[in-house]
Each structure stands twice: as structure tokens, then as C-alpha cells.
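Remarks on the structure that follows.
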Amino acid sequence: MGAAPSHRALPEPGPRRAAARPRAVVAALTALGSPPDGSGDEQVRSGTLILASVLISLVSFVWVTTYLVYGYPLSAAIPASYQVITVLGLVVLAHNHRFELFRRTQFVVFLVLPALLQASLGGFVASSGMSLWSIFTPLAALALLGTRRSVPWLVVYFTLLVLLAVLDPWLSQHPAELPAGFVTAFFVLNVVGVTLCTYVMLAYFVEQRARAHRALEAEQERSERLLLNVLPEPIAARLKRESGVIAEHYDSVSVLFADLVGFTARSLVMAPRDLVALLDQIFSAFDRVADAEGLEKIKTIGDAYMAAGGLPEPRPGHLEAAARAALAMRAEIADLAQREGHPWLAVRIGIDTGPAVAGVIGRRKFIYDLWGDTVNTASRMESHGLPGQIQVTERVAAALEDSFVLRPRGVVDVKGKGPMRTFLLTGPRMPLPAGAHRAAAGDVSAGSASVDPAAAGVEDLRP
């Protein structure tokens, strides 16, 4: 039988592979200057200088070759020494990652060697203005060190230029014997070379800085989203502006607690992944409901969910919004129980309305939370409620009776509160036909929050 055909990955197309090689070389070179744990800014600064140094070393072959051909080995040795210094500097840098030593060495040779080469050729004219290359040092210092720390290098550069100007009459007495056309061409070449190398250095620096800035903006956006998942937007904005305690008193808020019935017992027999997936599905649905009704999700506590209306920005209609949210949450649970095959799944919901205090507590893993009797009562309405029912206080029922159908449950002995008249929210009240009296609409009066439980035949649940 013949050998099985080989399934080796096909090589990348030629142009793409060829373009990838220079990028890989540049990436490898620019990575030499920063330690493995260095910041992105350090990598950009070191990479900028390394890239410029390598580029100038390559350009230096033009001067080394030309001055050797014209019989000036001393002048050729100066750019050749820069190449040697740069290569040795890169080797040492790759070994110890001491970029500061490499940077200072490069800045010095950028300044000194062009001046020495100009002096060896006989001044400004004969060298075609070789000292132009020294301007690279203050420009590189400005990009890498900032304005304040680059000023000394600029002063040294100007001092060197003045010194060369003072010495030029003496240096020009013994100029290098080079053709006039060669001197002019090399002047243009020096201008082009300095401009090109500086441009490449600054272009790399600007591009890498822009890339780092984009990455920082993306990271800030992710952090902002995470913060807004923890805190309401106005509170998050205040927390970023000011330090200290953030606390506000609200005259009227609506607090909703929803708890999954029997979920703790189910958690003992469900696989952990299935348990968390179901909770995520339920609370994600609750989040959508809260967002749709303009409620602020406060927190989840195990398999319980807490939301509030009327904060952090006070607004009218928050109690009606909480009632609609409670009905929608109950419907979501019923739908999920039927759709996903969890017939045991049910929810108890409790609502109360009234004053409360809200604020941010903690310095690590902080949370926006509520305190006050309204919060405690809403929690008791849930914990003393019935599976699949929405239990509310008498003041909630009185406020909602014109818009929602409420059935008196009776008097419940509430832990920490004593006997309380409670009501069950069953649904929105259908609008009556024009001119019709409320009493004509079936048993509407029996559903009114003002009905006395005993008169309605409701059992008094007091012990």
C-alpha cells in the first residue's frame, strides 16, 4: 500500500511571508531593551532608539565605503566605530537589559562621532555638513526623555556646533580632496539621511504610542463597564471624582426582593455547572426586566435578587415600575420552569415602599447598598410570602390600587415587625369602559386594597 498523503500546513503566500520577516526582525530588536516585566511605555522608548540606531548603522556603510575608496581610512574608521559600538551595545543590552546604559552611549556617540568626522574631513564644507547628524541626539532625547530632561542634550549640541564653528577656519586649511560634485551630493545625502532616520524614529514612536493609547482606552472602557456593572452610573461618576463616604437619604424608594423557592435543596443534587448556569439564566432575565423598568439592581444574595426604584436619581412612578417588574419576573420564572423542564422552580417576591438610605460601603470590592425599615420590610414580605406570589405591604397596596389588582391575604405575623396586613399583587387592573362604574366590573371591589380581610372572607393568619 502506498504511504498516506502528507497533510502538512501549506506555507503562507510569498509576499505575505516576505512582509512578515521584517516585522519579526523589528519586533525582536525592539524587544531587547526592556525587561520581561517592563511596562509598555518602556518597550516603546527602548524600541524607538534601538530601531534608529540599527538604521543609522546600516546607513553608515555608505560613509565607510566612500571614504575608504577615496583614501581616507581615518574618516572611514569613525562611522565604522559607531557600527561596532552599536553592535556591542545591542549584545550587552540583550544580556543585561540595562537600557539606560545603551541610551547614554548612543546619545554620546550621536553627538561626538559626526563632529569628529567633520573635523577629520576639514570643516563644514569639506564634510558636507556632517555635524547635521548630531541633531539626532536632542531630538531622540526629546522623544524618549521628555522636555525637561532633553534640554541638557540640546545645550550640548549647540555648544558643539559653536565649537566647530570656532575651529572651522583652522580645520578648513587642510580639507579632504573630494570632488565638488561629491561634496554637494553628500550634503544632500546628509540632509536626507538625518531627515529620514529622524522621521522613521519619530514615526515608530508616535505609532507605538498611539497603539498603546488605543489599548489603554480599550482597557479603560472595559474597566468602566465593570465599574458600571457594580455601581449605578451617577454613583460611579461621583466615586471617580471624590473620595470619602457616599451616602444619600431618599424620601421615597421602592424595594423588591425575589427569592427562588426550594433552590437551596435543589443545589444539593444539581451539578455545580448546571446550578450556576440556571442561576445565570434566571438572574440575567431579572436584569433585563429591571433595566426595562428603570430599576437599579442592588445585588444578589445566594439565590435571592434585590432591586430598587427611585434611586440613585429620584423619579416618579418607581413603585408602578417595581410592580410591573415583579409580575414580569414571575412570568419569566414560570416560562423558564416550563421551557427548561424545571417544574419545581418558583419564586417569592416581596415589595415595600418608603424612605431609605443608600450609599457605597467598603474600600475593596465595594457595593452600592440600601438600609432602612423599607428595605427590611420588603425582605420580610418576600420571606413570609407564598411560592409564586408577590406579597406587598398595605402602603404599597394603597398606592397601587388604581392601577393593579391586589388580593388581601390577611394579617401576617412578620418577624421583627409584628402583625401586618399584607396583600398579593396579581396583575395590572384592566381599564373600565367609558362611563362604567367600578362596581360594575365583576368582583373588582373584592380585589381592592381597601377591602377589609375579614369582610372578604380572607383567613386571618395571625398565630
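Convention: chains lettered A, B, ... in C-alpha cells order; per-chain residue numbering from 1; ligands numbered from 1 as shown.
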
**Q.** Which of segment 260-453 of chain A fall in helix (DSSP H, G or I), as a PyMOL selection string
**A.** chain A and resi 263-267+272-293+318-339+373-383+394-400+438-440+444-447

Q.
Report as a ChimeraX atom specification all protein, DNA and RNA residues lying within 12 Å of segment 139-149 of chain A, evaluated on only C-alpha atoms, omitting residues in the same chain fewer than 5 positions from it.
A. /A:41-53,99-100,103-104,106-108,110-111,132-134,154-157,194-195,197-206,209

Q.
Run DSSP on the backbone and tell me which residues of segment 221-427 of chain A come out as strand (DSSP E); list them as a count of residues only.
A. 72

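From atom CA of Ala308 of chain A back to atom CA of Glu248 of chain A, the distance works out to 14.2 Å.
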
Sorted by chain and rising residue number, which residues of segment 152-206 of chain A lie within 12 Å of segment 63-72 of chain A, and what are their closest atom pairs and distances in Å to one decimal, counting only C-alpha atoms, as a tab-separated table?
residue	atom	partner	partner_atom	distance
A:Pro175	CA	A:Tyr72	CA	11.5
A:Ala176	CA	A:Tyr72	CA	8.2
A:Glu177	CA	A:Tyr70	CA	8.6
A:Leu178	CA	A:Tyr70	CA	7.7
A:Pro179	CA	A:Tyr70	CA	10.0
A:Phe182	CA	A:Thr66	CA	10.1
A:Val183	CA	A:Thr66	CA	11.6
A:Phe186	CA	A:Trp63	CA	9.3
A:Leu189	CA	A:Trp63	CA	10.4
A:Asn190	CA	A:Trp63	CA	10.2
A:Gly193	CA	A:Trp63	CA	11.5

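If you look at atom CA of Val405 of chain A and atom CA of Ala328 of chain A, they are 14.9 Å away from each other.
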
Q) For the atom pair atom CA of Gly262 of chain A and atom CA of Leu275 of chain A, what is the interatomic distance in Å to one decimal place? A)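 Interatomic distance here is 12.8 Å.
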
Hey, which bits of segment 349-408 of chain A sit within 9 Å of segment 413-421 of chain A, and for each residue what's the closest pair of atoms and how far apart in Å (one decimal), counting only C-alpha atoms, rows by chain and increasing number, as CSV?
residue,atom,partner,partner_atom,distance
A:Thr377,CA,A:Lys417,CA,7.9
A:Arg380,CA,A:Val414,CA,6.7
A:Met381,CA,A:Val414,CA,8.0
A:His384,CA,A:Val414,CA,7.0
A:Thr393,CA,A:Arg421,CA,6.9
A:Glu394,CA,A:Arg421,CA,6.0
A:Pro408,CA,A:Arg421,CA,7.9

Q: Please provide the set of residues having any atom within 9 Å of Ala378 of chain A, restricted to only C-alpha atoms, with same-chain residues fewer than 2 positions apart removed, written as a ChimeraX atom specification.
A: /A:254-257,349-353,373-376,380-383,391-393

Q.
Excluding segment 283-285 of chain A and its own-chain neighbours fewer than 2 positions away, which residues fall within 10 Å of it when counting only C-alpha atoms? Please give them as a PyMOL selection string.
A. chain A and resi 278-281+287-291+300+303-305+328-329+332-333+336

Could you please take those selected residues and save all heavy atoms as a short mmCIF file (atom, residue, chain, number, x, y, z; two decimals), in the first residue's frame?
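Result file again.cif:
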data_model
loop_
_atom_site.label_atom_id
_atom_site.label_comp_id
_atom_site.auth_asym_id
_atom_site.auth_seq_id
_atom_site.Cartn_x
_atom_site.Cartn_y
_atom_site.Cartn_z
N LEU A 278 -28.09 27.73 35.59
CA LEU A 278 -29.50 28.06 35.80
C LEU A 278 -29.64 29.40 36.51
O LEU A 278 -30.48 30.24 36.14
CB LEU A 278 -30.17 26.95 36.60
CG LEU A 278 -31.66 27.14 36.90
CD1 LEU A 278 -32.45 27.28 35.60
CD2 LEU A 278 -32.20 25.98 37.73
N LEU A 279 -28.83 29.63 37.55
CA LEU A 279 -28.88 30.91 38.24
C LEU A 279 -28.54 32.06 37.29
O LEU A 279 -29.16 33.12 37.33
CB LEU A 279 -27.90 30.91 39.41
CG LEU A 279 -28.40 30.33 40.74
CD1 LEU A 279 -27.29 30.34 41.77
CD2 LEU A 279 -29.60 31.11 41.25
N ASP A 280 -27.55 31.85 36.45
CA ASP A 280 -27.16 32.89 35.49
C ASP A 280 -28.31 33.18 34.54
O ASP A 280 -28.59 34.35 34.21
CB ASP A 280 -25.92 32.44 34.72
CG ASP A 280 -25.49 33.46 33.68
OD1 ASP A 280 -25.02 34.55 34.06
OD2 ASP A 280 -25.64 33.17 32.48
N GLN A 281 -28.99 32.14 34.09
CA GLN A 281 -30.12 32.32 33.18
C GLN A 281 -31.24 33.10 33.86
O GLN A 281 -31.83 34.02 33.28
CB GLN A 281 -30.62 30.95 32.73
CG GLN A 281 -31.58 30.98 31.55
CD GLN A 281 -31.90 29.59 31.05
OE1 GLN A 281 -31.49 28.59 31.63
NE2 GLN A 281 -32.66 29.51 29.97
N ASP A 287 -32.28 40.80 35.28
CA ASP A 287 -31.55 42.02 34.90
C ASP A 287 -32.24 42.72 33.74
O ASP A 287 -32.37 43.95 33.73
CB ASP A 287 -30.11 41.68 34.50
CG ASP A 287 -29.24 41.34 35.70
OD1 ASP A 287 -29.63 41.64 36.84
OD2 ASP A 287 -28.14 40.77 35.49
N ARG A 288 -32.65 41.96 32.74
CA ARG A 288 -33.33 42.56 31.59
C ARG A 288 -34.64 43.22 32.02
O ARG A 288 -34.98 44.32 31.55
CB ARG A 288 -33.60 41.49 30.52
CG ARG A 288 -32.36 40.99 29.82
CD ARG A 288 -32.70 40.16 28.59
NE ARG A 288 -33.43 38.94 28.95
CZ ARG A 288 -32.86 37.78 29.23
NH1 ARG A 288 -31.54 37.69 29.21
NH2 ARG A 288 -33.58 36.71 29.52
N VAL A 289 -35.36 42.56 32.91
CA VAL A 289 -36.62 43.14 33.40
C VAL A 289 -36.34 44.44 34.16
O VAL A 289 -37.02 45.45 33.97
CB VAL A 289 -37.35 42.13 34.30
CG1 VAL A 289 -38.52 42.80 35.01
CG2 VAL A 289 -37.83 40.94 33.48
N ALA A 290 -35.35 44.40 35.07
CA ALA A 290 -35.02 45.60 35.86
C ALA A 290 -34.60 46.75 34.95
O ALA A 290 -35.03 47.90 35.16
CB ALA A 290 -33.91 45.27 36.86
N ASP A 291 -33.79 46.46 33.95
CA ASP A 291 -33.35 47.51 33.03
C ASP A 291 -34.55 48.08 32.26
O ASP A 291 -34.65 49.30 32.05
CB ASP A 291 -32.33 46.96 32.04
CG ASP A 291 -30.99 46.68 32.71
OD1 ASP A 291 -30.76 47.21 33.81
OD2 ASP A 291 -30.18 45.93 32.13
N THR A 300 -27.24 40.43 44.34
CA THR A 300 -27.79 39.09 44.50
C THR A 300 -27.19 38.50 45.77
O THR A 300 -26.02 38.73 46.08
CB THR A 300 -27.48 38.19 43.31
OG1 THR A 300 -26.06 38.09 43.15
CG2 THR A 300 -28.09 38.74 42.04
N ASP A 303 -29.44 32.79 46.14
CA ASP A 303 -30.45 32.67 45.10
C ASP A 303 -31.54 33.74 45.25
O ASP A 303 -32.66 33.57 44.78
CB ASP A 303 -31.08 31.28 45.13
CG ASP A 303 -31.66 30.92 46.50
OD1 ASP A 303 -31.58 31.77 47.39
OD2 ASP A 303 -32.16 29.80 46.66
N ALA A 304 -31.20 34.85 45.91
CA ALA A 304 -32.12 35.98 46.07
C ALA A 304 -31.63 37.17 45.25
O ALA A 304 -30.43 37.35 45.04
CB ALA A 304 -32.25 36.36 47.54
N TYR A 305 -32.59 37.97 44.80
CA TYR A 305 -32.30 39.11 43.92
C TYR A 305 -32.95 40.35 44.52
O TYR A 305 -34.11 40.32 44.92
CB TYR A 305 -32.88 38.81 42.53
CG TYR A 305 -32.54 39.81 41.46
CD1 TYR A 305 -31.48 39.60 40.58
CD2 TYR A 305 -33.32 40.95 41.28
CE1 TYR A 305 -31.20 40.50 39.56
CE2 TYR A 305 -33.04 41.86 40.27
CZ TYR A 305 -31.97 41.62 39.41
OH TYR A 305 -31.68 42.52 38.40
N ALA A 328 -43.37 40.66 35.78
CA ALA A 328 -42.55 40.13 34.67
C ALA A 328 -41.57 39.07 35.16
O ALA A 328 -41.33 38.06 34.48
CB ALA A 328 -41.79 41.28 34.00
N MET A 329 -41.00 39.26 36.35
CA MET A 329 -40.09 38.25 36.90
C MET A 329 -40.83 36.95 37.18
O MET A 329 -40.31 35.86 36.89
CB MET A 329 -39.46 38.79 38.19
CG MET A 329 -38.43 39.88 37.98
SD MET A 329 -37.82 40.54 39.56
CE MET A 329 -36.62 41.75 38.97
N GLU A 332 -41.33 35.26 33.93
CA GLU A 332 -40.08 34.68 33.43
C GLU A 332 -39.80 33.34 34.10
O GLU A 332 -39.40 32.37 33.45
CB GLU A 332 -38.92 35.64 33.70
CG GLU A 332 -38.89 36.88 32.84
CD GLU A 332 -38.35 36.61 31.44
OE1 GLU A 332 -37.89 35.48 31.19
OE2 GLU A 332 -38.38 37.53 30.61
N ILE A 333 -40.03 33.25 35.41
CA ILE A 333 -39.79 32.00 36.12
C ILE A 333 -40.75 30.92 35.65
O ILE A 333 -40.37 29.76 35.44
CB ILE A 333 -39.91 32.22 37.64
CG1 ILE A 333 -38.75 33.10 38.14
CG2 ILE A 333 -39.91 30.89 38.39
CD1 ILE A 333 -37.38 32.48 37.96
N LEU A 336 -39.64 29.79 32.24
CA LEU A 336 -38.40 29.02 32.32
C LEU A 336 -38.66 27.62 32.89
O LEU A 336 -38.11 26.63 32.42
CB LEU A 336 -37.39 29.76 33.19
CG LEU A 336 -36.01 29.13 33.34
CD1 LEU A 336 -35.31 29.07 31.99
CD2 LEU A 336 -35.17 29.92 34.33
#

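Minimum atom-to-atom distance to Val412 of chain A, evaluated using only C-alpha atoms, belongs to A:Leu386 out of A:Arg98, A:Thr184, A:Val91, A:Leu386.
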
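Of the listed residues A:Ala326, A:Leu268, A:Leu319, A:Val112, the one whose atoms come nearest to Phe286 of chain A is A:Ala326, with distances taken using only C-alpha atoms.
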